[in-house]
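Dumped query_2.cif below, it's mmCIF, C-alpha atoms:
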data_entry
loop_
_atom_site.label_atom_id
_atom_site.label_comp_id
_atom_site.auth_asym_id
_atom_site.auth_seq_id
_atom_site.Cartn_x
_atom_site.Cartn_y
_atom_site.Cartn_z
CA MET I 1429 -10.66 34.82 -16.39
CA SER I 1430 -12.47 32.35 -18.58
CA ALA I 1431 -12.71 35.03 -21.22
CA ILE I 1432 -9.06 34.66 -22.23
CA THR I 1433 -8.97 33.42 -25.81
CA HIS I 1434 -5.44 34.28 -26.98
CA HIS I 1435 -2.86 32.11 -25.24
CA VAL I 1436 0.89 31.51 -25.14
CA PRO I 1437 1.95 29.22 -28.02
CA ASP I 1438 3.41 25.93 -26.85
CA SER I 1439 6.86 26.67 -28.24
CA LEU I 1440 7.05 29.89 -26.22
CA LEU I 1441 5.96 28.06 -23.07
CA ALA I 1442 8.56 25.34 -23.56
CA ALA I 1443 11.21 28.02 -24.12
CA TYR I 1444 10.07 29.83 -20.99
CA VAL I 1445 10.06 26.72 -18.79
CA SER I 1446 13.46 25.59 -20.04
CA GLY I 1447 14.88 29.04 -19.39
CA ASN I 1448 15.58 29.76 -23.00
CA LEU I 1449 13.25 32.66 -23.51
CA GLU I 1450 14.80 36.07 -23.64
CA HIS I 1451 14.22 38.09 -20.45
CA HIS I 1452 11.71 40.63 -21.81
CA PHE I 1453 9.53 37.91 -23.31
CA ALA I 1454 9.83 35.83 -20.14
CA LEU I 1455 8.27 38.75 -18.26
CA VAL I 1456 5.24 38.78 -20.57
CA VAL I 1457 4.83 35.00 -20.39
CA ALA I 1458 5.09 35.06 -16.58
CA ALA I 1459 2.48 37.84 -16.47
CA HIS I 1460 0.11 35.94 -18.79
CA VAL I 1461 0.48 32.73 -16.79
CA SER I 1462 -0.38 34.76 -13.68
CA LEU I 1463 -3.75 35.55 -15.30
CA CYS I 1464 -4.46 32.36 -17.25
CA LEU I 1465 -5.22 28.97 -15.71
CA ASP I 1466 -4.96 27.10 -19.01
CA CYS I 1467 -1.45 28.33 -19.61
CA ARG I 1468 -0.49 27.71 -16.00
CA ALA I 1469 -1.58 24.10 -16.37
CA ALA I 1470 0.31 23.86 -19.66
CA MET I 1471 3.39 25.37 -18.03
CA GLU I 1472 3.18 22.85 -15.21
CA ALA I 1473 2.94 20.07 -17.80
CA HIS I 1474 6.19 21.25 -19.35
CA GLN I 1475 7.76 21.38 -15.90
CA ALA I 1476 6.66 17.78 -15.34
CA LEU I 1477 8.40 16.77 -18.54
CA GLY I 1478 11.49 18.71 -17.50
CA GLY I 1479 11.30 16.83 -14.21
CA ALA I 1480 11.23 13.53 -16.07
CA VAL I 1481 14.35 14.57 -17.98
CA LEU I 1482 16.02 15.44 -14.68
CA ASP I 1483 14.91 12.13 -13.18
CA THR I 1484 16.47 10.17 -16.02
CA ALA I 1485 19.67 12.26 -16.20
CA ASP I 1486 22.98 10.42 -15.96
CA CYS I 1487 24.28 10.64 -12.41
CA ALA I 1488 27.57 12.40 -11.74
CA GLU I 1489 29.54 11.64 -8.60
CA VAL I 1490 29.23 14.41 -6.02
CA SER I 1491 32.00 15.22 -3.55
CA GLU I 1492 31.68 14.55 0.17
CA ALA I 1493 32.63 18.18 0.77
CA LEU I 1494 29.48 19.31 -1.04
CA ARG I 1495 27.24 17.30 1.22
CA ALA I 1496 28.97 18.62 4.35
CA SER I 1497 28.82 22.17 3.06
CA ILE I 1498 25.10 21.96 2.35
CA PHE I 1499 24.21 20.42 5.72
CA ASP I 1500 26.34 23.07 7.48
CA GLN I 1501 24.28 25.79 5.88
CA LEU I 1502 20.79 24.50 6.65
CA ASP I 1503 20.49 26.63 9.76
CA ALA I 1504 22.30 29.66 8.42
CA PRO I 1505 20.05 32.69 8.11
CA VAL I 1506 18.95 33.39 4.55
CA ALA I 1507 18.85 36.84 3.08
CA ALA I 1508 15.22 37.83 2.62
CA THR I 1509 14.33 38.25 -1.03
CA PRO I 1510 11.91 41.06 -1.76
CA ASN I 1511 8.47 39.62 -2.27
CA PHE I 1512 6.35 41.47 -4.81
CA VAL I 1513 2.63 40.87 -4.85
CA ARG I 1514 -0.03 41.59 -7.39
CA SER I 1515 -1.32 45.15 -7.17
CA GLY I 1516 -4.48 46.20 -9.01
CA ILE I 1517 -4.16 45.24 -12.67
CA PHE I 1518 -0.45 44.38 -12.35
CA PRO I 1519 0.46 40.74 -11.57
CA SER I 1520 3.51 40.17 -9.38
CA PRO I 1521 6.10 39.78 -12.18
CA VAL I 1522 5.06 43.22 -13.49
CA MET I 1523 5.20 44.66 -9.97
CA GLU I 1524 8.70 43.25 -9.68
CA ALA I 1525 9.71 44.84 -13.00
CA LEU I 1526 8.25 48.12 -11.67
CA LYS I 1527 10.26 47.56 -8.47
CA GLY I 1528 7.05 47.96 -6.51
CA THR I 1529 6.40 51.52 -7.61
CA PRO I 1530 3.58 52.84 -9.84
CA PRO I 1531 4.39 53.19 -13.58
CA ARG I 1532 6.08 56.43 -14.62
CA TRP I 1533 4.08 57.36 -17.69
CA LYS I 1534 5.79 59.39 -20.43
CA PRO I 1535 3.69 60.84 -23.27
CA LEU I 1536 4.23 59.39 -26.76
CA GLY I 1537 1.79 61.76 -28.47
CA GLY I 1538 -1.92 61.43 -29.20
CA GLY I 1539 -2.64 60.68 -25.57
CA ILE I 1540 -0.69 57.43 -25.75
CA LYS I 1541 1.79 56.97 -22.90
CA GLN I 1542 4.49 54.47 -22.06
CA SER I 1543 6.47 53.39 -19.03
CA ILE I 1544 9.65 51.53 -20.00
CA LEU I 1545 10.34 48.62 -17.67
CA SER I 1546 13.68 47.68 -19.16
CA ALA I 1547 15.58 48.14 -22.39
CA ASP I 1548 18.90 46.60 -23.38
CA ARG I 1549 20.57 45.05 -26.39
CA ASP I 1550 18.24 42.03 -26.18
CA GLY I 1551 15.13 44.18 -26.59
CA SER I 1552 12.72 46.01 -24.35
CA SER I 1553 9.62 45.69 -22.24
CA ARG I 1554 7.20 48.48 -21.45
CA LEU I 1555 3.71 49.32 -20.28
CA LEU I 1556 1.55 51.13 -22.83
CA TYR I 1557 -1.44 53.30 -22.06
CA ILE I 1558 -3.81 53.84 -24.98
CA PRO I 1559 -6.83 56.13 -24.40
CA SER I 1560 -10.18 54.63 -25.37
CA GLY I 1561 -10.76 54.72 -29.11
CA ARG I 1562 -7.15 55.70 -29.90
CA ALA I 1563 -4.92 53.74 -32.27
CA VAL I 1564 -1.21 52.99 -32.04
CA PRO I 1565 0.50 54.07 -35.30
CA GLN I 1566 0.43 51.33 -37.95
CA HIS I 1567 3.56 49.17 -37.67
CA SER I 1568 5.16 45.86 -38.50
CA HIS I 1569 8.00 44.06 -36.73
CA ASN I 1570 11.66 43.31 -37.24
CA GLY I 1571 11.44 40.52 -34.70
CA LEU I 1572 8.84 39.27 -32.28
CA GLU I 1573 6.42 41.44 -30.32
CA LEU I 1574 4.36 40.08 -27.42
CA THR I 1575 1.49 42.24 -26.15
CA LEU I 1576 -0.53 41.31 -23.07
CA VAL I 1577 -3.69 43.25 -22.19
CA LEU I 1578 -3.89 44.23 -18.50
CA GLN I 1579 -6.85 46.61 -18.69
CA GLY I 1580 -9.51 47.41 -21.28
CA SER I 1581 -9.22 45.87 -24.72
CA PHE I 1582 -7.94 46.54 -28.22
CA GLY I 1583 -8.59 45.24 -31.68
CA ASP I 1584 -6.58 44.78 -34.86
CA ASP I 1585 -6.67 42.53 -37.93
CA ALA I 1586 -5.91 39.50 -35.74
CA GLY I 1587 -9.02 39.98 -33.62
CA ARG I 1588 -10.08 41.43 -30.30
CA PHE I 1589 -7.84 41.25 -27.27
CA GLY I 1590 -9.25 41.65 -23.76
CA VAL I 1591 -7.71 41.40 -20.29
CA GLY I 1592 -5.31 38.46 -20.15
CA ASP I 1593 -5.17 37.99 -23.92
CA LEU I 1594 -1.75 37.76 -25.50
CA GLU I 1595 -1.01 38.89 -29.04
CA VAL I 1596 2.01 37.30 -30.68
CA ALA I 1597 3.14 39.37 -33.66
CA ASP I 1598 6.15 38.58 -35.81
CA SER I 1599 7.58 40.03 -39.00
CA ASP I 1600 4.54 38.81 -40.97
CA VAL I 1601 2.16 40.97 -38.96
CA ASP I 1602 1.46 44.55 -39.95
CA HIS I 1603 -1.08 46.01 -37.56
CA GLN I 1604 -2.64 49.06 -36.00
CA PRO I 1605 -3.94 48.12 -32.54
CA THR I 1606 -6.89 50.33 -31.62
CA ALA I 1607 -8.20 50.60 -28.07
CA ASP I 1608 -11.91 49.87 -27.71
CA LEU I 1609 -14.24 52.72 -26.81
CA ASP I 1610 -15.37 51.57 -23.39
CA ALA I 1611 -12.11 52.10 -21.48
CA ALA I 1612 -8.47 53.07 -21.77
CA CYS I 1613 -6.31 50.09 -22.62
CA ILE I 1614 -3.17 49.23 -20.65
CA CYS I 1615 -0.83 46.63 -22.12
CA LEU I 1616 2.48 45.01 -21.30
CA ALA I 1617 4.55 44.78 -24.48
CA ALA I 1618 7.96 43.27 -25.23
CA THR I 1619 10.04 43.19 -28.39
CA ASP I 1620 13.46 41.88 -29.32
CA ALA I 1621 13.93 44.34 -32.20
CA PRO I 1622 12.73 47.85 -33.04
CA LEU I 1623 9.23 48.10 -34.55
CA ARG I 1624 8.82 49.18 -38.19
CA PHE I 1625 6.47 52.16 -38.33
CA ASN I 1626 4.88 52.82 -41.69
CA SER I 1627 4.71 56.61 -41.40
CA LEU I 1628 7.51 59.11 -40.96
CA VAL I 1629 6.78 60.90 -37.71
CA PRO I 1630 6.77 57.87 -35.41
CA ARG I 1631 9.84 56.60 -37.27
CA LEU I 1632 11.71 59.81 -36.49
CA LEU I 1633 10.71 59.62 -32.84
CA GLN I 1634 11.68 55.93 -32.45
CA PRO I 1635 15.16 56.41 -30.99
CA LEU I 1636 13.78 58.87 -28.47
CA PHE I 1637 11.01 56.53 -27.35
CA ARG I 1638 13.22 53.44 -27.57
CA ILE I 1639 10.41 51.54 -29.24
CA MET K 1294 -3.11 27.54 4.24
CA ILE K 1295 -0.03 29.16 5.76
CA TRP K 1296 -1.53 29.38 9.22
CA ILE K 1297 -2.26 25.67 9.03
CA LYS K 1298 1.26 24.93 7.95
CA ASN K 1299 2.62 26.84 10.90
CA ASP K 1300 0.28 25.35 13.42
CA PRO K 1301 1.59 22.02 14.69
CA ASN K 1302 -1.87 21.06 15.93
CA PHE K 1303 -3.06 20.83 12.40
CA LEU K 1304 -0.24 18.64 11.26
CA PRO K 1305 -2.15 15.41 11.86
CA LEU K 1306 -5.11 16.68 9.91
CA ARG K 1307 -2.95 17.86 7.07
CA ILE K 1308 -1.28 14.56 6.62
CA ARG K 1309 -4.24 12.45 7.56
CA ASP K 1310 -4.94 11.43 4.00
CA MET K 1311 -1.35 11.05 3.06
CA PHE K 1312 -0.31 8.54 5.64
CA ALA K 1313 -3.83 7.46 6.44
CA ALA K 1314 -4.69 4.53 8.68
CA SER K 1315 -5.10 6.51 11.85
CA PRO K 1316 -8.55 5.38 13.05
CA GLN K 1317 -8.52 7.72 16.04
CA LEU K 1318 -7.73 10.61 13.86
CA GLU K 1319 -10.37 9.64 11.35
CA HIS K 1320 -12.82 9.56 14.22
CA THR K 1321 -11.58 12.86 15.59
CA TYR K 1322 -11.89 14.44 12.25
CA LYS K 1323 -15.45 13.31 11.65
CA ASN K 1324 -17.00 13.40 15.12
CA GLY K 1325 -14.87 15.82 17.07
CA PRO K 1326 -12.19 14.83 19.60
CA LYS K 1327 -12.99 11.86 21.83
CA MET K 1328 -9.46 11.93 23.16
CA PRO K 1329 -7.19 14.90 23.75
CA LEU K 1330 -5.81 16.24 20.54
CA PHE K 1331 -2.29 16.00 21.86
CA GLU K 1332 -2.59 12.28 22.31
CA VAL K 1333 -3.97 11.82 18.86
CA MET K 1334 -1.17 13.92 17.57
CA SER K 1335 1.60 12.11 19.36
CA LYS K 1336 0.26 8.76 18.20
CA ASP K 1337 0.24 10.05 14.74
CA MET K 1338 3.71 11.50 15.08
CA ASN K 1339 4.95 8.13 16.27
CA MET K 1340 3.42 6.54 13.28
CA LEU K 1341 5.24 9.00 11.12
CA LYS K 1342 8.52 8.05 12.72
CA ASP K 1343 8.12 4.44 11.68
CA ARG K 1344 6.32 5.21 8.54
CA LYS K 1345 7.46 1.97 6.96
CA LYS K 1346 5.46 -0.01 9.52
CA VAL K 1347 2.19 1.75 8.76
CA PRO K 1348 -0.43 -0.60 7.29
CA VAL K 1349 -0.58 -0.20 3.57
CA PRO K 1350 -3.18 2.36 2.52
CA PRO K 1351 -3.58 3.26 -1.15
CA ILE K 1352 -1.65 6.48 -0.62
CA SER K 1353 1.45 4.47 0.29
CA GLU K 1354 1.85 4.27 -3.45
CA VAL K 1355 3.11 7.83 -3.30
CA SER K 1356 6.74 7.86 -4.31
CA GLU K 1357 9.55 8.01 -1.77
CA GLN K 1358 10.63 11.37 -3.18
CA THR K 1359 7.22 12.92 -2.48
CA THR K 1360 7.13 11.42 1.02
CA TRP K 1361 10.60 12.83 1.75
CA MET K 1362 9.71 16.22 0.36
CA LEU K 1363 6.53 16.43 2.48
CA ALA K 1364 8.53 15.45 5.58
CA VAL K 1365 10.98 18.24 4.77
CA ARG K 1366 8.18 20.71 4.17
CA ASP K 1367 6.00 19.85 7.17
CA GLN K 1368 8.48 18.60 9.76
CA ARG K 1369 11.79 20.10 8.62
CA ASP K 1370 13.02 16.51 8.65
CA ARG K 1371 16.77 16.41 8.04
CA LYS K 1372 16.90 12.68 7.44
CA ALA K 1373 14.32 13.06 4.71
CA PHE K 1374 16.34 15.93 3.31
CA ALA K 1375 19.45 13.72 3.31
CA ARG K 1376 17.54 11.12 1.30
CA LEU K 1377 16.39 13.76 -1.15
CA TYR K 1378 19.99 14.89 -1.43
CA ASP K 1379 21.26 11.37 -2.06
CA HIS K 1380 18.66 10.87 -4.76
CA PHE K 1381 18.80 14.21 -6.53
CA ALA K 1382 22.32 15.62 -6.06
CA PRO K 1383 24.03 13.19 -8.48
CA ARG K 1384 21.22 13.64 -11.03
CA LEU K 1385 21.31 17.40 -10.64
CA LYS K 1386 25.04 17.46 -11.13
CA GLY K 1387 24.79 15.26 -14.22
CA PHE K 1388 21.93 17.38 -15.54
CA VAL K 1389 23.75 20.68 -14.98
CA MET K 1390 27.00 19.35 -16.46
CA ARG K 1391 25.15 18.26 -19.57
CA SER K 1392 24.27 21.87 -20.20
CA GLY K 1393 28.00 22.55 -20.50
CA ILE K 1394 28.91 23.69 -16.99
CA PRO K 1395 32.20 22.32 -15.57
CA ALA K 1396 32.09 19.92 -12.60
CA ALA K 1397 33.20 22.37 -9.89
CA GLN K 1398 30.69 25.00 -10.94
CA ALA K 1399 28.01 22.35 -11.31
CA GLU K 1400 28.45 21.53 -7.62
CA GLU K 1401 27.85 25.20 -6.81
CA VAL K 1402 24.54 25.00 -8.68
CA VAL K 1403 23.64 21.76 -6.86
CA GLN K 1404 24.39 23.42 -3.52
CA ASP K 1405 22.31 26.42 -4.42
CA VAL K 1406 19.39 24.29 -5.59
CA MET K 1407 19.47 21.96 -2.57
CA LEU K 1408 19.50 24.92 -0.17
CA THR K 1409 16.61 26.51 -2.08
CA ILE K 1410 14.66 23.24 -1.71
CA TRP K 1411 15.25 23.36 2.05
CA HIS K 1412 14.40 27.02 2.51
CA LYS K 1413 11.48 27.25 0.08
CA ALA K 1414 9.94 23.88 0.94
CA GLU K 1415 6.64 25.54 1.91
CA LEU K 1416 6.08 26.35 -1.76
CA PHE K 1417 6.01 22.68 -2.74
CA ASP K 1418 2.44 21.65 -3.55
CA PRO K 1419 2.10 17.93 -4.30
CA HIS K 1420 -1.35 18.51 -5.78
CA ARG K 1421 0.20 20.36 -8.67
CA ALA K 1422 3.81 19.29 -9.07
CA GLN K 1423 5.97 16.23 -8.80
CA VAL K 1424 9.11 16.69 -6.74
CA SER K 1425 11.25 16.26 -9.85
CA ALA K 1426 9.23 18.90 -11.73
CA TRP K 1427 9.51 21.33 -8.84
CA ILE K 1428 13.25 20.78 -8.51
CA TYR K 1429 13.66 20.99 -12.27
CA GLN K 1430 12.15 24.49 -12.34
CA ILE K 1431 14.19 25.65 -9.36
CA THR K 1432 17.31 24.42 -11.13
CA ARG K 1433 16.54 26.22 -14.38
CA ASN K 1434 15.59 29.41 -12.53
CA ARG K 1435 18.75 29.40 -10.40
CA ASN K 1436 20.88 28.66 -13.42
CA ILE K 1437 19.49 31.68 -15.25
CA ASP K 1438 19.61 33.93 -12.18
CA MET K 1439 23.31 33.11 -11.81
CA ILE K 1440 24.03 33.92 -15.44
CA ARG K 1441 22.00 37.12 -15.55
CA LYS K 1442 22.67 38.20 -11.96
CA GLU K 1443 19.02 39.05 -11.51
CA ARG K 1444 15.85 37.21 -10.76
CA ARG K 1445 14.03 35.71 -13.70
CA PRO K 1446 10.35 36.73 -14.02
CA VAL K 1447 8.08 34.12 -12.44
CA PRO K 1448 4.27 34.00 -12.29
CA ASP K 1449 2.20 34.87 -9.21
CA GLU K 1450 2.32 32.13 -6.62
CA LEU K 1451 -1.05 30.51 -6.17
CA GLY K 1452 -1.82 30.20 -2.50
CA GLN K 1453 -3.49 27.03 -1.33
CA GLU K 1454 -6.99 27.65 -0.15
CA ILE K 1455 -7.30 27.98 3.61
CA GLY K 1456 -8.88 25.00 5.26
CA THR K 1457 -8.72 22.64 2.31
CA GLU K 1458 -7.75 19.11 3.15
CA PRO K 1459 -5.02 17.40 1.17
CA ASP K 1460 -6.58 15.56 -1.73
CA ALA K 1461 -4.91 12.16 -1.65
CA GLY K 1462 -6.30 11.12 -5.02
CA GLN K 1463 -4.90 14.15 -6.76
CA ILE K 1464 -1.52 13.88 -5.03
CA LEU K 1465 -1.29 10.27 -6.09
CA ALA K 1466 -2.37 11.02 -9.67
CA VAL K 1467 0.19 13.79 -10.06
CA ASP K 1468 2.87 11.73 -8.38
CA GLN K 1469 2.31 8.62 -10.43
CA GLU K 1470 2.45 10.52 -13.66
CA VAL K 1471 6.18 10.82 -13.25
CA LYS K 1472 6.44 7.09 -13.93
CA GLN K 1473 4.36 7.43 -17.06
CA LEU K 1474 6.36 10.40 -18.26
CA VAL K 1475 9.64 8.60 -17.68
CA GLN K 1476 8.29 5.52 -19.48
CA ALA K 1477 7.09 7.67 -22.36
CA LEU K 1478 10.49 9.30 -22.50
CA GLU K 1479 12.30 5.97 -22.52
CA ALA K 1480 10.04 4.61 -25.23
CA LEU K 1481 10.98 7.39 -27.65
CA LYS K 1482 13.42 6.88 -30.49
CA PRO K 1483 16.90 8.07 -29.48
CA THR K 1484 16.74 11.09 -31.78
CA GLN K 1485 13.36 12.15 -30.36
CA ARG K 1486 14.52 11.62 -26.82
CA ASP K 1487 17.59 13.65 -27.51
CA ALA K 1488 15.40 16.47 -28.80
CA ILE K 1489 13.31 16.42 -25.63
CA GLU K 1490 16.40 16.43 -23.46
CA LYS K 1491 17.87 19.32 -25.40
CA THR K 1492 14.60 21.22 -25.06
CA TYR K 1493 14.39 20.92 -21.31
CA LEU K 1494 18.09 21.41 -20.75
CA GLY K 1495 17.51 24.80 -22.35
CA GLU K 1496 19.67 24.12 -25.39
CA LEU K 1497 17.10 25.12 -27.98
CA THR K 1498 16.12 28.67 -28.79
CA HIS K 1499 12.51 29.66 -29.17
CA GLN K 1500 12.95 29.72 -32.96
CA GLU K 1501 14.31 26.17 -32.91
CA LEU K 1502 11.43 25.07 -30.69
CA CYS K 1503 8.92 26.51 -33.16
CA THR K 1504 10.10 24.14 -35.85
CA GLN K 1505 10.65 21.16 -33.60
CA THR K 1506 8.04 18.45 -33.77
CA GLY K 1507 9.47 15.95 -31.32
CA LEU K 1508 7.48 17.04 -28.25
CA PRO K 1509 5.26 14.19 -27.04
CA LEU K 1510 2.16 16.32 -27.29
CA GLY K 1511 -0.25 13.59 -26.24
CA THR K 1512 1.60 13.19 -22.96
CA ILE K 1513 1.67 16.92 -22.37
CA LYS K 1514 -2.02 17.27 -23.14
CA SER K 1515 -3.03 14.62 -20.61
CA ARG K 1516 -0.83 16.30 -18.02
CA ILE K 1517 -2.50 19.61 -18.79
CA ARG K 1518 -5.93 18.14 -18.17
CA LEU K 1519 -4.82 16.71 -14.86
CA GLY K 1520 -3.34 20.02 -13.76
CA LEU K 1521 -6.18 22.15 -15.00
CA GLU K 1522 -8.93 20.33 -13.18
CA LYS K 1523 -7.15 20.88 -9.89
CA LEU K 1524 -6.37 24.51 -10.62
CA ARG K 1525 -9.97 25.25 -11.49
CA TYR K 1526 -11.12 23.56 -8.32
CA GLU K 1527 -8.57 25.32 -6.14
CA LEU K 1528 -9.30 28.74 -7.48
CA LYS K 1529 -13.05 28.52 -7.41
CA GLY K 1530 -13.33 30.05 -3.98
CA MET K 1531 -10.43 32.45 -4.33
CA ARG K 1532 -11.44 34.88 -7.02
#

Write the structure described by the file as structure tokens, please.
Amino acid sequence: MSAITHHVPDSLLAAYVSGNLEHHFALVVAAHVSLCLDCRAAMEAHQALGGAVLDTADCAEVSEALRASIFDQLDAPVAATPNFVRSGIFPSPVMEALKGTPPRWKPLGGGIKQSILSADRDGSSRLLYIPSGRAVPQHSHNGLELTLVLQGSFGDDAGRFGVGDLEVADSDVDHQPTADLDAACICLAATDAPLRFNSLVPRLLQPLFRI
Amino acid sequence: MIWIKNDPNFLPLRIRDMFAASPQLEHTYKNGPKMPLFEVMSKDMNMLKDRKKVPVPPISEVSEQTTWMLAVRDQRDRKAFARLYDHFAPRLKGFVMRSGIPAAQAEEVVQDVMLTIWHKAELFDPHRAQVSAWIYQITRNRNIDMIRKERRPVPDELGQEIGTEPDAGQILAVDQEVKQLVQALEALKPTQRDAIEKTYLGELTHQELCTQTGLPLGTIKSRIRLGLEKLRYELKGMR
């Protein structure tokens, strides 16, 4: 755990805590915090500040009916919410995104596989499986891409990323993540815009792979 | 820790440090029971009932909100819950309305949050969060869940280590930081304070936050240190 060297930037954490981080990114941040004590402490610091804002908020008069309604419901049975727990390399937010089932890997070519967790107009989140020593095609970004390592490690121009490390890549970053030789690399990745692949074949396949 | 929470016999031990000043219990704890546990417990429970009359131990500096929340968590105390409601409901409503939600709907959010506090009380850990911070996050989460109609991703819950005693010093340190944070907030220039409020009300996008410089980073950093020490300690035996 102490080996984590690439963390969530403070602005992303503040956006996450205040609920202003887009859903796919929120998943990656929640997964990183599950693995990283430093970022958990930082997240709790932001929550404390949010609490101070709540504590100093202007009071609004609440109706008597609200109070009665709440106290009437204290003993009412509550619907059980499904409780997902960490399983193997997947922390609980990832298990929840997987709905408790194992990833459904689909080949992307070159031994690389993906399992899409969700994709909508706001972006997408997916698990990526990169065999040891393999490289993801060189690409840059139209928006933001967050990549969290769950197993193995990869390297690119920005450095080496091991389990728990988070790479934050924006439109300035043009990279070719390459899995290290010792093990297959499994990552959780989220983007808010399609990637920009430098070569033709992956570009042609993009709509099919929703990447 | 769950089995301890559910076992009423352990209640006195759990709260020993928090409400302190129970010589019998102190003795029991250190040297084994010299009197039946039930008696110790009922004495202690009586003390809890008139908590205000308890001799003043250092931990009495813990805020009322934390005391109420622990009574809700550990004793399902409705009176304490009513006090929490009286303190937080008007603030919650004001807070939610500031983010642009009309009064009637804001009351729905308040109801939802207050019921979550009651039903999820066992997740409150005073070693790591102030009551206001805990309620703040519940409020933001519920707000987003209601808009998106699905649960927002949240990190793994950290269990509390089985058999660990409450650490009064840490609870007090975390609790008292609220005062410092509020003071720091009130000392800011109005424009800075407004920026902070906008941030935590969720009015700023991530892009806007990247360029914003108003965050009181010194305050956050000291809070991080406080939280991290405890986390490291708590997790030492767990992984």

Run the PyMOL selection byres ((chain K and resi 1397-1402) around 12) on the file and write out the hits as an mmCIF file with C-alpha atoms, in the coordinates of the input.
data_model
loop_
_atom_site.group_PDB
_atom_site.id
_atom_site.type_symbol
_atom_site.label_atom_id
_atom_site.label_comp_id
_atom_site.auth_asym_id
_atom_site.auth_seq_id
_atom_site.Cartn_x
_atom_site.Cartn_y
_atom_site.Cartn_z
ATOM 1 C CA ALA I 1488 27.570 12.400 -11.740
ATOM 2 C CA GLU I 1489 29.540 11.640 -8.600
ATOM 3 C CA VAL I 1490 29.230 14.410 -6.020
ATOM 4 C CA SER I 1491 32.000 15.220 -3.550
ATOM 5 C CA GLU I 1492 31.680 14.550 0.170
ATOM 6 C CA ALA I 1493 32.630 18.180 0.770
ATOM 7 C CA LEU I 1494 29.480 19.310 -1.040
ATOM 8 C CA ARG I 1495 27.240 17.300 1.220
ATOM 9 C CA SER I 1497 28.820 22.170 3.060
ATOM 10 C CA ILE I 1498 25.100 21.960 2.350
ATOM 11 C CA ALA K 1382 22.320 15.620 -6.060
ATOM 12 C CA PRO K 1383 24.030 13.190 -8.480
ATOM 13 C CA ARG K 1384 21.220 13.640 -11.030
ATOM 14 C CA LEU K 1385 21.310 17.400 -10.640
ATOM 15 C CA LYS K 1386 25.040 17.460 -11.130
ATOM 16 C CA GLY K 1387 24.790 15.260 -14.220
ATOM 17 C CA PHE K 1388 21.930 17.380 -15.540
ATOM 18 C CA VAL K 1389 23.750 20.680 -14.980
ATOM 19 C CA MET K 1390 27.000 19.350 -16.460
ATOM 20 C CA ARG K 1391 25.150 18.260 -19.570
ATOM 21 C CA SER K 1392 24.270 21.870 -20.200
ATOM 22 C CA GLY K 1393 28.000 22.550 -20.500
ATOM 23 C CA ILE K 1394 28.910 23.690 -16.990
ATOM 24 C CA PRO K 1395 32.200 22.320 -15.570
ATOM 25 C CA ALA K 1396 32.090 19.920 -12.600
ATOM 26 C CA VAL K 1403 23.640 21.760 -6.860
ATOM 27 C CA GLN K 1404 24.390 23.420 -3.520
ATOM 28 C CA ASP K 1405 22.310 26.420 -4.420
ATOM 29 C CA VAL K 1406 19.390 24.290 -5.590
ATOM 30 C CA MET K 1407 19.470 21.960 -2.570
ATOM 31 C CA LEU K 1408 19.500 24.920 -0.170
ATOM 32 C CA THR K 1409 16.610 26.510 -2.080
ATOM 33 C CA ILE K 1431 14.190 25.650 -9.360
ATOM 34 C CA THR K 1432 17.310 24.420 -11.130
ATOM 35 C CA ARG K 1433 16.540 26.220 -14.380
ATOM 36 C CA ASN K 1434 15.590 29.410 -12.530
ATOM 37 C CA ARG K 1435 18.750 29.400 -10.400
ATOM 38 C CA ASN K 1436 20.880 28.660 -13.420
ATOM 39 C CA ILE K 1437 19.490 31.680 -15.250
ATOM 40 C CA ASP K 1438 19.610 33.930 -12.180
ATOM 41 C CA MET K 1439 23.310 33.110 -11.810
ATOM 42 C CA ILE K 1440 24.030 33.920 -15.440
#

(request) Check the smallest atom-to-atom distance from each of I:Thr1433, I:Ser1546, I:Gln1501, I:Thr1575 to chain K using only C-alpha atoms, then report the winner. (result)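 Closest candidate: I:Gln1501.
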
(message) Evaluate the PyMOL selection byres ((chain K and resi 1356) around 10) against this structure - the residues, as a list in words, please.
(response) Ile1352, Ser1353, Glu1354, Val1355, Glu1357, Gln1358, Thr1359, Thr1360, Trp1361, Gln1423, Val1424, Leu1465, Asp1468, Gln1469, Val1471 and Lys1472 of chain K

(request) Around the point (4.3, 41.1, -11.2), in the coordinates given by the file, pick out the residues reaching within 10 Å, counting all atoms listed in the file, and return them as an MDAnalysis selection string. (result) (chainID I and resid 1455:1456 1458:1459 1462 1511:1515 1517:1528) or (chainID K and resid 1446:1449)

(request) To verify the selection step, state as a ChimeraX atom specification which residues the PyMOL selection byres ((chain K and resi 1463) around 9) yields on this input. (result) /K:1419-1421,1459-1462,1464-1468,1519,1523

Any chance you could export the current selection's C-alpha atoms as an mmCIF file, in the frame of the given file?
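Output contents, as saved in out33.cif:
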data_model
loop_
_atom_site.group_PDB
_atom_site.id
_atom_site.type_symbol
_atom_site.label_atom_id
_atom_site.label_comp_id
_atom_site.auth_asym_id
_atom_site.auth_seq_id
_atom_site.Cartn_x
_atom_site.Cartn_y
_atom_site.Cartn_z
ATOM 1 C CA PRO K 1419 2.100 17.930 -4.300
ATOM 2 C CA HIS K 1420 -1.350 18.510 -5.780
ATOM 3 C CA ARG K 1421 0.200 20.360 -8.670
ATOM 4 C CA PRO K 1459 -5.020 17.400 1.170
ATOM 5 C CA ASP K 1460 -6.580 15.560 -1.730
ATOM 6 C CA ALA K 1461 -4.910 12.160 -1.650
ATOM 7 C CA GLY K 1462 -6.300 11.120 -5.020
ATOM 8 C CA ILE K 1464 -1.520 13.880 -5.030
ATOM 9 C CA LEU K 1465 -1.290 10.270 -6.090
ATOM 10 C CA ALA K 1466 -2.370 11.020 -9.670
ATOM 11 C CA VAL K 1467 0.190 13.790 -10.060
ATOM 12 C CA ASP K 1468 2.870 11.730 -8.380
ATOM 13 C CA LEU K 1519 -4.820 16.710 -14.860
ATOM 14 C CA LYS K 1523 -7.150 20.880 -9.890
#
